[in-house]
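Here is structure_17.pdb, consisting of PDB, C-alpha atoms and all ligand atoms:
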```pdb
ATOM      1  CA  MET A 928      33.418 -82.376  44.414  1.00  0.00           C
ATOM      2  CA  VAL A 929      37.096 -81.630  45.051  1.00  0.00           C
ATOM      3  CA  ASN A 930      37.950 -78.019  45.714  1.00  0.00           C
ATOM      4  CA  ASN A 931      40.984 -77.742  43.439  1.00  0.00           C
ATOM      5  CA  ASN A 932      42.231 -74.481  44.915  1.00  0.00           C
ATOM      6  CA  GLU A 933      42.340 -76.069  48.347  1.00  0.00           C
ATOM      7  CA  LEU A 934      44.194 -79.137  47.015  1.00  0.00           C
ATOM      8  CA  LEU A 935      46.792 -76.967  45.293  1.00  0.00           C
ATOM      9  CA  ARG A 936      47.211 -74.866  48.432  1.00  0.00           C
ATOM     10  CA  VAL A 937      47.889 -78.044  50.432  1.00  0.00           C
ATOM     11  CA  ILE A 938      50.485 -79.273  47.919  1.00  0.00           C
ATOM     12  CA  LYS A 939      52.232 -75.929  47.673  1.00  0.00           C
ATOM     13  CA  SER A 940      52.315 -75.242  51.413  1.00  0.00           C
ATOM     14  CA  ARG A 941      53.830 -78.602  52.440  1.00  0.00           C
ATOM     15  CA  ARG A 942      57.227 -78.285  54.117  1.00  0.00           C
ATOM     16  CA  SER A 943      59.310 -80.746  56.090  1.00  0.00           C
ATOM     17  CA  VAL A 944      58.347 -80.409  59.742  1.00  0.00           C
ATOM     18  CA  ARG A 945      60.870 -81.624  62.336  1.00  0.00           C
ATOM     19  CA  ASN A 946      59.440 -80.026  65.491  1.00  0.00           C
ATOM     20  CA  PHE A 947      56.214 -81.329  66.899  1.00  0.00           C
ATOM     21  CA  ILE A 948      53.875 -80.521  69.773  1.00  0.00           C
ATOM     22  CA  GLN A 949      53.027 -83.421  72.057  1.00  0.00           C
ATOM     23  CA  LYS A 950      49.568 -84.271  70.750  1.00  0.00           C
ATOM     24  CA  GLU A 951      48.463 -87.659  69.535  1.00  0.00           C
ATOM     25  CA  ILE A 952      47.183 -88.095  65.975  1.00  0.00           C
ATOM     26  CA  PRO A 953      43.806 -89.912  66.119  1.00  0.00           C
ATOM     27  CA  GLU A 954      43.921 -93.430  64.683  1.00  0.00           C
ATOM     28  CA  ASN A 955      41.279 -92.723  62.026  1.00  0.00           C
ATOM     29  CA  ILE A 956      43.423 -89.877  60.675  1.00  0.00           C
ATOM     30  CA  VAL A 957      46.549 -92.069  60.594  1.00  0.00           C
ATOM     31  CA  LYS A 958      44.509 -94.646  58.672  1.00  0.00           C
ATOM     32  CA  ASP A 959      43.257 -92.028  56.208  1.00  0.00           C
ATOM     33  CA  ILE A 960      46.828 -90.864  55.601  1.00  0.00           C
ATOM     34  CA  VAL A 961      48.032 -94.422  54.927  1.00  0.00           C
ATOM     35  CA  ASP A 962      44.986 -94.919  52.708  1.00  0.00           C
ATOM     36  CA  CYS A 963      46.235 -92.047  50.529  1.00  0.00           C
ATOM     37  CA  GLY A 964      49.635 -93.765  50.384  1.00  0.00           C
ATOM     38  CA  ARG A 965      48.194 -97.046  49.179  1.00  0.00           C
ATOM     39  CA  LEU A 966      46.352 -95.269  46.337  1.00  0.00           C
ATOM     40  CA  ALA A 967      49.536 -93.868  44.777  1.00  0.00           C
ATOM     41  CA  PRO A 968      50.461 -95.008  41.266  1.00  0.00           C
ATOM     42  CA  THR A 969      52.732 -98.052  40.857  1.00  0.00           C
ATOM     43  CA  ALA A 970      54.517 -99.608  37.892  1.00  0.00           C
ATOM     44  CA  ARG A 971      52.286-102.383  36.478  1.00  0.00           C
ATOM     45  CA  ASN A 972      49.933-101.674  39.390  1.00  0.00           C
ATOM     46  CA  LEU A 973      51.964-104.071  41.538  1.00  0.00           C
ATOM     47  CA  GLN A 974      51.364-102.090  44.761  1.00  0.00           C
ATOM     48  CA  PRO A 975      54.452-103.723  46.271  1.00  0.00           C
ATOM     49  CA  TRP A 976      54.160-101.939  49.616  1.00  0.00           C
ATOM     50  CA  THR A 977      53.432-102.466  53.265  1.00  0.00           C
ATOM     51  CA  PHE A 978      53.143 -99.504  55.630  1.00  0.00           C
ATOM     52  CA  VAL A 979      54.245-100.091  59.203  1.00  0.00           C
ATOM     53  CA  VAL A 980      52.862 -97.514  61.634  1.00  0.00           C
ATOM     54  CA  ILE A 981      54.957 -96.920  64.742  1.00  0.00           C
ATOM     55  CA  ARG A 982      53.273 -95.141  67.647  1.00  0.00           C
ATOM     56  CA  LYS A 983      55.075 -96.516  70.711  1.00  0.00           C
ATOM     57  CA  LYS A 984      57.390 -93.893  72.243  1.00  0.00           C
ATOM     58  CA  GLU A 985      60.130 -96.466  72.960  1.00  0.00           C
ATOM     59  CA  THR A 986      60.164 -97.613  69.325  1.00  0.00           C
ATOM     60  CA  LEU A 987      60.198 -94.019  68.041  1.00  0.00           C
ATOM     61  CA  ALA A 988      63.153 -93.308  70.334  1.00  0.00           C
ATOM     62  CA  GLU A 989      64.917 -96.423  69.060  1.00  0.00           C
ATOM     63  CA  LEU A 990      64.400 -95.317  65.452  1.00  0.00           C
ATOM     64  CA  ALA A 991      65.685 -91.835  66.321  1.00  0.00           C
ATOM     65  CA  ASP A 992      68.785 -93.452  67.722  1.00  0.00           C
ATOM     66  CA  ILE A 993      69.390 -95.688  64.698  1.00  0.00           C
ATOM     67  CA  THR A 994      68.958 -92.976  62.033  1.00  0.00           C
ATOM     68  CA  ASP A 995      71.573 -90.295  61.377  1.00  0.00           C
ATOM     69  CA  TYR A 996      69.314 -87.405  60.324  1.00  0.00           C
ATOM     70  CA  GLY A 997      66.108 -88.492  62.021  1.00  0.00           C
ATOM     71  CA  LYS A 998      66.765 -87.684  65.672  1.00  0.00           C
ATOM     72  CA  PHE A 999      63.483 -85.719  65.812  1.00  0.00           C
ATOM     73  CA  LEU A1000      61.617 -89.044  65.451  1.00  0.00           C
ATOM     74  CA  ALA A1001      61.832 -89.246  69.244  1.00  0.00           C
ATOM     75  CA  ASP A1002      59.345 -86.343  69.516  1.00  0.00           C
ATOM     76  CA  ALA A1003      57.046 -87.393  66.667  1.00  0.00           C
ATOM     77  CA  SER A1004      53.511 -88.540  67.375  1.00  0.00           C
ATOM     78  CA  CYS A1005      54.052 -91.477  65.043  1.00  0.00           C
ATOM     79  CA  CYS A1006      55.990 -92.556  62.028  1.00  0.00           C
ATOM     80  CA  ILE A1007      55.233 -94.610  58.970  1.00  0.00           C
ATOM     81  CA  LEU A1008      57.812 -96.999  57.587  1.00  0.00           C
ATOM     82  CA  VAL A1009      57.271 -97.489  53.863  1.00  0.00           C
ATOM     83  CA  PHE A1010      58.443-100.959  52.828  1.00  0.00           C
ATOM     84  CA  CYS A1011      58.342-102.402  49.318  1.00  0.00           C
ATOM     85  CA  GLN A1012      58.913-105.831  47.833  1.00  0.00           C
ATOM     86  CA  ASP A1013      62.095-105.805  45.737  1.00  0.00           C
ATOM     87  CA  THR A1014      60.390-105.184  42.374  1.00  0.00           C
ATOM     88  CA  LYS A1015      61.993-103.389  39.407  1.00  0.00           C
ATOM     89  CA  TYR A1016      60.358-100.074  40.272  1.00  0.00           C
ATOM     90  CA  TYR A1017      60.113-100.474  44.049  1.00  0.00           C
ATOM     91  CA  LEU A1018      61.885 -97.176  44.681  1.00  0.00           C
ATOM     92  CA  GLU A1019      59.669 -95.088  42.402  1.00  0.00           C
ATOM     93  CA  ASP A1020      56.558 -96.806  43.792  1.00  0.00           C
ATOM     94  CA  GLY A1021      57.592 -96.316  47.405  1.00  0.00           C
ATOM     95  CA  CYS A1022      58.495 -92.670  46.770  1.00  0.00           C
ATOM     96  CA  ALA A1023      55.118 -92.001  45.143  1.00  0.00           C
ATOM     97  CA  ALA A1024      53.395 -93.429  48.227  1.00  0.00           C
ATOM     98  CA  THR A1025      55.667 -91.398  50.509  1.00  0.00           C
ATOM     99  CA  GLU A1026      54.750 -88.134  48.799  1.00  0.00           C
ATOM    100  CA  ASN A1027      51.036 -89.003  48.876  1.00  0.00           C
ATOM    101  CA  ILE A1028      51.368 -89.606  52.621  1.00  0.00           C
ATOM    102  CA  LEU A1029      53.113 -86.272  53.199  1.00  0.00           C
ATOM    103  CA  ILE A1030      50.447 -84.411  51.232  1.00  0.00           C
ATOM    104  CA  ALA A1031      47.603 -86.235  53.009  1.00  0.00           C
ATOM    105  CA  ALA A1032      49.191 -85.406  56.376  1.00  0.00           C
ATOM    106  CA  GLN A1033      49.407 -81.747  55.351  1.00  0.00           C
ATOM    107  CA  ALA A1034      45.731 -81.797  54.364  1.00  0.00           C
ATOM    108  CA  HIS A1035      44.932 -82.974  57.917  1.00  0.00           C
ATOM    109  CA  GLY A1036      47.024 -80.151  59.448  1.00  0.00           C
ATOM    110  CA  ILE A1037      49.779 -82.610  60.366  1.00  0.00           C
ATOM    111  CA  GLY A1038      53.440 -81.949  59.699  1.00  0.00           C
ATOM    112  CA  GLY A1039      55.695 -84.632  58.325  1.00  0.00           C
ATOM    113  CA  CYS A1040      59.249 -85.208  57.262  1.00  0.00           C
ATOM    114  CA  TRP A1041      60.643 -87.755  54.831  1.00  0.00           C
ATOM    115  CA  ILE A1042      63.638 -89.521  56.392  1.00  0.00           C
ATOM    116  CA  ALA A1043      65.884 -91.538  54.110  1.00  0.00           C
ATOM    117  CA  GLY A1044      65.479 -95.317  54.221  1.00  0.00           C
ATOM    118  CA  ASP A1045      66.619 -96.819  50.923  1.00  0.00           C
ATOM    119  CA  LYS A1046      70.438 -96.694  50.480  1.00  0.00           C
ATOM    120  CA  LYS A1047      71.005 -96.147  54.203  1.00  0.00           C
ATOM    121  CA  PRO A1048      73.065 -98.764  56.077  1.00  0.00           C
ATOM    122  CA  TYR A1049      70.459 -98.716  58.879  1.00  0.00           C
ATOM    123  CA  ALA A1050      67.628 -99.856  56.532  1.00  0.00           C
ATOM    124  CA  SER A1051      68.179-103.571  57.146  1.00  0.00           C
ATOM    125  CA  ARG A1052      68.473-103.045  60.891  1.00  0.00           C
ATOM    126  CA  ILE A1053      65.104-101.264  60.968  1.00  0.00           C
ATOM    127  CA  ALA A1054      63.558-103.999  58.798  1.00  0.00           C
ATOM    128  CA  LYS A1055      64.725-106.630  61.309  1.00  0.00           C
ATOM    129  CA  MET A1056      63.555-104.501  64.216  1.00  0.00           C
ATOM    130  CA  VAL A1057      59.946-104.495  62.966  1.00  0.00           C
ATOM    131  CA  LYS A1058      60.113-108.146  61.852  1.00  0.00           C
ATOM    132  CA  ALA A1059      59.797-107.374  58.124  1.00  0.00           C
ATOM    133  CA  PRO A1060      60.223-110.447  55.923  1.00  0.00           C
ATOM    134  CA  ASP A1061      63.611-111.048  54.269  1.00  0.00           C
ATOM    135  CA  GLY A1062      64.242-109.123  51.051  1.00  0.00           C
ATOM    136  CA  VAL A1063      61.835-106.220  51.496  1.00  0.00           C
ATOM    137  CA  LYS A1064      63.237-102.697  51.075  1.00  0.00           C
ATOM    138  CA  LEU A1065      62.762 -99.820  53.481  1.00  0.00           C
ATOM    139  CA  VAL A1066      62.066 -96.929  51.087  1.00  0.00           C
ATOM    140  CA  SER A1067      61.379 -94.191  53.613  1.00  0.00           C
ATOM    141  CA  ILE A1068      60.589 -93.308  57.190  1.00  0.00           C
ATOM    142  CA  ILE A1069      57.966 -90.600  57.597  1.00  0.00           C
ATOM    143  CA  ALA A1070      57.924 -88.719  60.896  1.00  0.00           C
ATOM    144  CA  MET A1071      54.557 -87.136  61.659  1.00  0.00           C
ATOM    145  CA  GLY A1072      53.038 -84.894  64.286  1.00  0.00           C
ATOM    146  CA  TYR A1073      51.212 -81.626  64.845  1.00  0.00           C
ATOM    147  CA  PRO A1074      53.728 -78.895  63.944  1.00  0.00           C
ATOM    148  CA  ALA A1075      55.464 -76.780  66.582  1.00  0.00           C
ATOM    149  CA  GLU A1076      57.094 -74.797  63.769  1.00  0.00           C
ATOM    150  CA  ILE A1077      56.922 -74.792  60.008  1.00  0.00           C
ATOM    151  CA  PRO A1078      60.224 -74.064  58.253  1.00  0.00           C
ATOM    152  CA  ASN A1079      60.465 -72.119  55.034  1.00  0.00           C
ATOM    153  CA  PRO A1080      63.507 -73.395  53.118  1.00  0.00           C
ATOM    154  CA  PRO A1081      64.444 -71.565  49.912  1.00  0.00           C
ATOM    155  CA  LYS A1082      62.885 -72.928  46.736  1.00  0.00           C
ATOM    156  CA  LYS A1083      64.036 -72.433  43.160  1.00  0.00           C
ATOM    157  CA  SER A1084      61.687 -70.198  41.220  1.00  0.00           C
ATOM    158  CA  LEU A1085      59.398 -71.634  38.573  1.00  0.00           C
ATOM    159  CA  GLU A1086      61.241 -69.589  35.942  1.00  0.00           C
ATOM    160  CA  ASP A1087      64.508 -71.267  36.939  1.00  0.00           C
ATOM    161  CA  VAL A1088      63.247 -74.794  36.436  1.00  0.00           C
ATOM    162  CA  ILE A1089      60.687 -74.702  33.627  1.00  0.00           C
ATOM    163  CA  LYS A1090      61.688 -74.969  29.937  1.00  0.00           C
ATOM    164  CA  TRP A1091      59.273 -75.124  27.062  1.00  0.00           C
ATOM    165  CA  GLU A1092      59.808 -77.609  24.212  1.00  0.00           C
ATOM    166  CA  HIS A1093      63.599 -77.752  24.683  1.00  0.00           C
ATOM    167  CA  TRP A1094      66.171 -77.193  27.455  1.00  0.00           C
TER     168      TRP A1094
HETATM  169  C1  LIG B1101      64.817 -88.993  49.548  1.00  0.00           C
HETATM  170  C2  LIG B1101      64.750 -87.982  50.666  1.00  0.00           C
HETATM  171  C3  LIG B1101      65.435 -88.222  51.828  1.00  0.00           C
HETATM  172  C4  LIG B1101      65.354 -87.314  52.892  1.00  0.00           C
HETATM  173  N1  LIG B1101      66.000 -87.621  54.061  1.00  0.00           N
HETATM  174  C5  LIG B1101      65.897 -86.774  55.108  1.00  0.00           C
HETATM  175  C6  LIG B1101      66.487 -87.118  56.361  1.00  0.00           C
HETATM  176  O1  LIG B1101      67.072 -88.200  56.528  1.00  0.00           O
HETATM  177  N2  LIG B1101      66.353 -86.248  57.380  1.00  0.00           N
HETATM  178  C7  LIG B1101      65.687 -85.039  57.238  1.00  0.00           C
HETATM  179  O2  LIG B1101      65.616 -84.281  58.206  1.00  0.00           O
HETATM  180  N3  LIG B1101      65.108 -84.694  56.049  1.00  0.00           N
HETATM  181  C8  LIG B1101      65.192 -85.520  55.001  1.00  0.00           C
HETATM  182  N4  LIG B1101      64.558 -85.221  53.815  1.00  0.00           N
HETATM  183  C9  LIG B1101      63.779 -83.970  53.704  1.00  0.00           C
HETATM  184  C10 LIG B1101      64.548 -82.910  52.923  1.00  0.00           C
HETATM  185  O3  LIG B1101      65.622 -82.446  53.693  1.00  0.00           O
HETATM  186  C11 LIG B1101      63.578 -81.776  52.545  1.00  0.00           C
HETATM  187  O4  LIG B1101      62.534 -82.276  51.744  1.00  0.00           O
HETATM  188  C12 LIG B1101      64.295 -80.651  51.797  1.00  0.00           C
HETATM  189  O5  LIG B1101      65.223 -80.012  52.636  1.00  0.00           O
HETATM  190  C13 LIG B1101      63.325 -79.617  51.240  1.00  0.00           C
HETATM  191  O6  LIG B1101      62.524 -79.076  52.271  1.00  0.00           O
HETATM  192  P1  LIG B1101      60.922 -79.160  52.237  1.00  0.00           P
HETATM  193  O7  LIG B1101      60.549 -80.623  52.342  1.00  0.00           O
HETATM  194  O8  LIG B1101      60.488 -78.392  53.448  1.00  0.00           O
HETATM  195  O9  LIG B1101      60.430 -78.582  50.967  1.00  0.00           O
HETATM  196  C14 LIG B1101      64.604 -86.115  52.754  1.00  0.00           C
HETATM  197  C15 LIG B1101      63.902 -85.894  51.568  1.00  0.00           C
HETATM  198  C16 LIG B1101      63.959 -86.810  50.545  1.00  0.00           C
HETATM  199  C17 LIG B1101      63.145 -86.565  49.280  1.00  0.00           C
END
```

Now that the file is in, can you turn its structure into structure tokens?
Ligand SMILES: Cc1cc2nc3c(=O)[nH]c(=O)nc-3n(C[C@H](O)[C@H](O)[C@H](O)COP(=O)(O)O)c2cc1C
Amino acid sequence: MVNNNELLRVIKSRRSVRNFIQKEIPENIVKDIVDCGRLAPTARNLQPWTFVVIRKKETLAELADITDYGKFLADASCCILVFCQDTKYYLEDGCAATENILIAAQAHGIGGCWIAGDKKPYASRIAKMVKAPDGVKLVSIIAMGYPAEIPNPPKKSLEDVIKWEHW
């Protein structure tokens, strides 16, 4: 039986973590996190994705170098590259999986940060680097690791963003 309060606490406490301690994430936990990604909703249930897990330090450093706002990848324990086939709703599908992964990581006490993939000029370079087949889209790069610090960026209040029945 799911403890709903605990689930909501996990969702609400997630923040982008960009500083990590040097501690490896066990493989079974990485697999569980990806498992949560693959169970996200997709348009027409196409599940157009493939998740490439990067754990080698040299590859993480290379990714850090290629990205503009992902330099902290060099200190991550691992990262997950979310690729999708070029379907009509690939972006929505890949984003749904990305958020599931971030929430699952948070539930395991692991910090993560979504790094832009889609729309970035480096997306095709990263796809080539990991030998992805032609035509697939890099939706996101998710850096993960045990948090060294958890930021607290400002959030709009619920009252500011909720409207009932009309704008
Ligand atoms: C589509 C998308 C792209 C993002 N790209 C980056 C990025 O390249 N580098 C980065 O440090 N954070 C990136 N972020 C994380 C946001 O900066 C972060 O979610 C936002 O500042 C709110 O903070 P929070 O996640 O802690 O709530 C991205 C988030 C999204 C949804």

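Near ligand LIG 1101 (chain B), at distances of 6 Å or less and with only C-alpha atoms and all ligand atoms counted, sit the residues A:Arg942, A:Ser943, A:Tyr996, A:Gly997, A:Cys1040, A:Trp1041, A:Ile1042, A:Ala1043, A:Pro1080.
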
Neighbours of Leu1029 of chain A within 9 Å (all atoms listed in the file; same-chain residues fewer than 4 positions away dropped), as a ChimeraX atom specification?
/A:941,943,960,964,1024-1025,1033-1034,1037-1041,1069,1071

Export, as a compact mmCIF listing (two decimals), in the frame of the given file, the selected residues with C-alpha atoms.
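The resulting file, out_15.txt, is reproduced below:
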```txt
# COMPACT_ATOMS: atom_id res chain seq x y z
CA ARG A 941 53.83 -78.60 52.44
CA SER A 943 59.31 -80.75 56.09
CA ILE A 960 46.83 -90.86 55.60
CA GLY A 964 49.64 -93.76 50.38
CA ALA A 1024 53.40 -93.43 48.23
CA THR A 1025 55.67 -91.40 50.51
CA GLN A 1033 49.41 -81.75 55.35
CA ALA A 1034 45.73 -81.80 54.36
CA ILE A 1037 49.78 -82.61 60.37
CA GLY A 1038 53.44 -81.95 59.70
CA GLY A 1039 55.70 -84.63 58.32
CA CYS A 1040 59.25 -85.21 57.26
CA TRP A 1041 60.64 -87.76 54.83
CA ILE A 1069 57.97 -90.60 57.60
CA MET A 1071 54.56 -87.14 61.66
```

Using only C-alpha atoms, pick whichever of A:His1035, A:Arg965, A:Lys1090, A:Lys1064 has the shortest atom-to-atom distance to Lys1047 of chain A.
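The shortest atom-to-atom distance to Lys1047 of chain A comes from A:Lys1064.
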
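Considering the residues A:Gln949, A:Pro1048, A:Asn1079, A:Val1063 and counting only C-alpha atoms, Asp995 of chain A has its shortest atom-to-atom contact with A:Pro1048.
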
Using the chain letters and numbering of this document, enumerate as a PyMOL selection string the residues selected by the PyMOL selection byres (((chain A and resi 1009) around 7) and not hetatm).
chain A and resi 976-979+1007-1008+1010-1011+1021+1065-1068
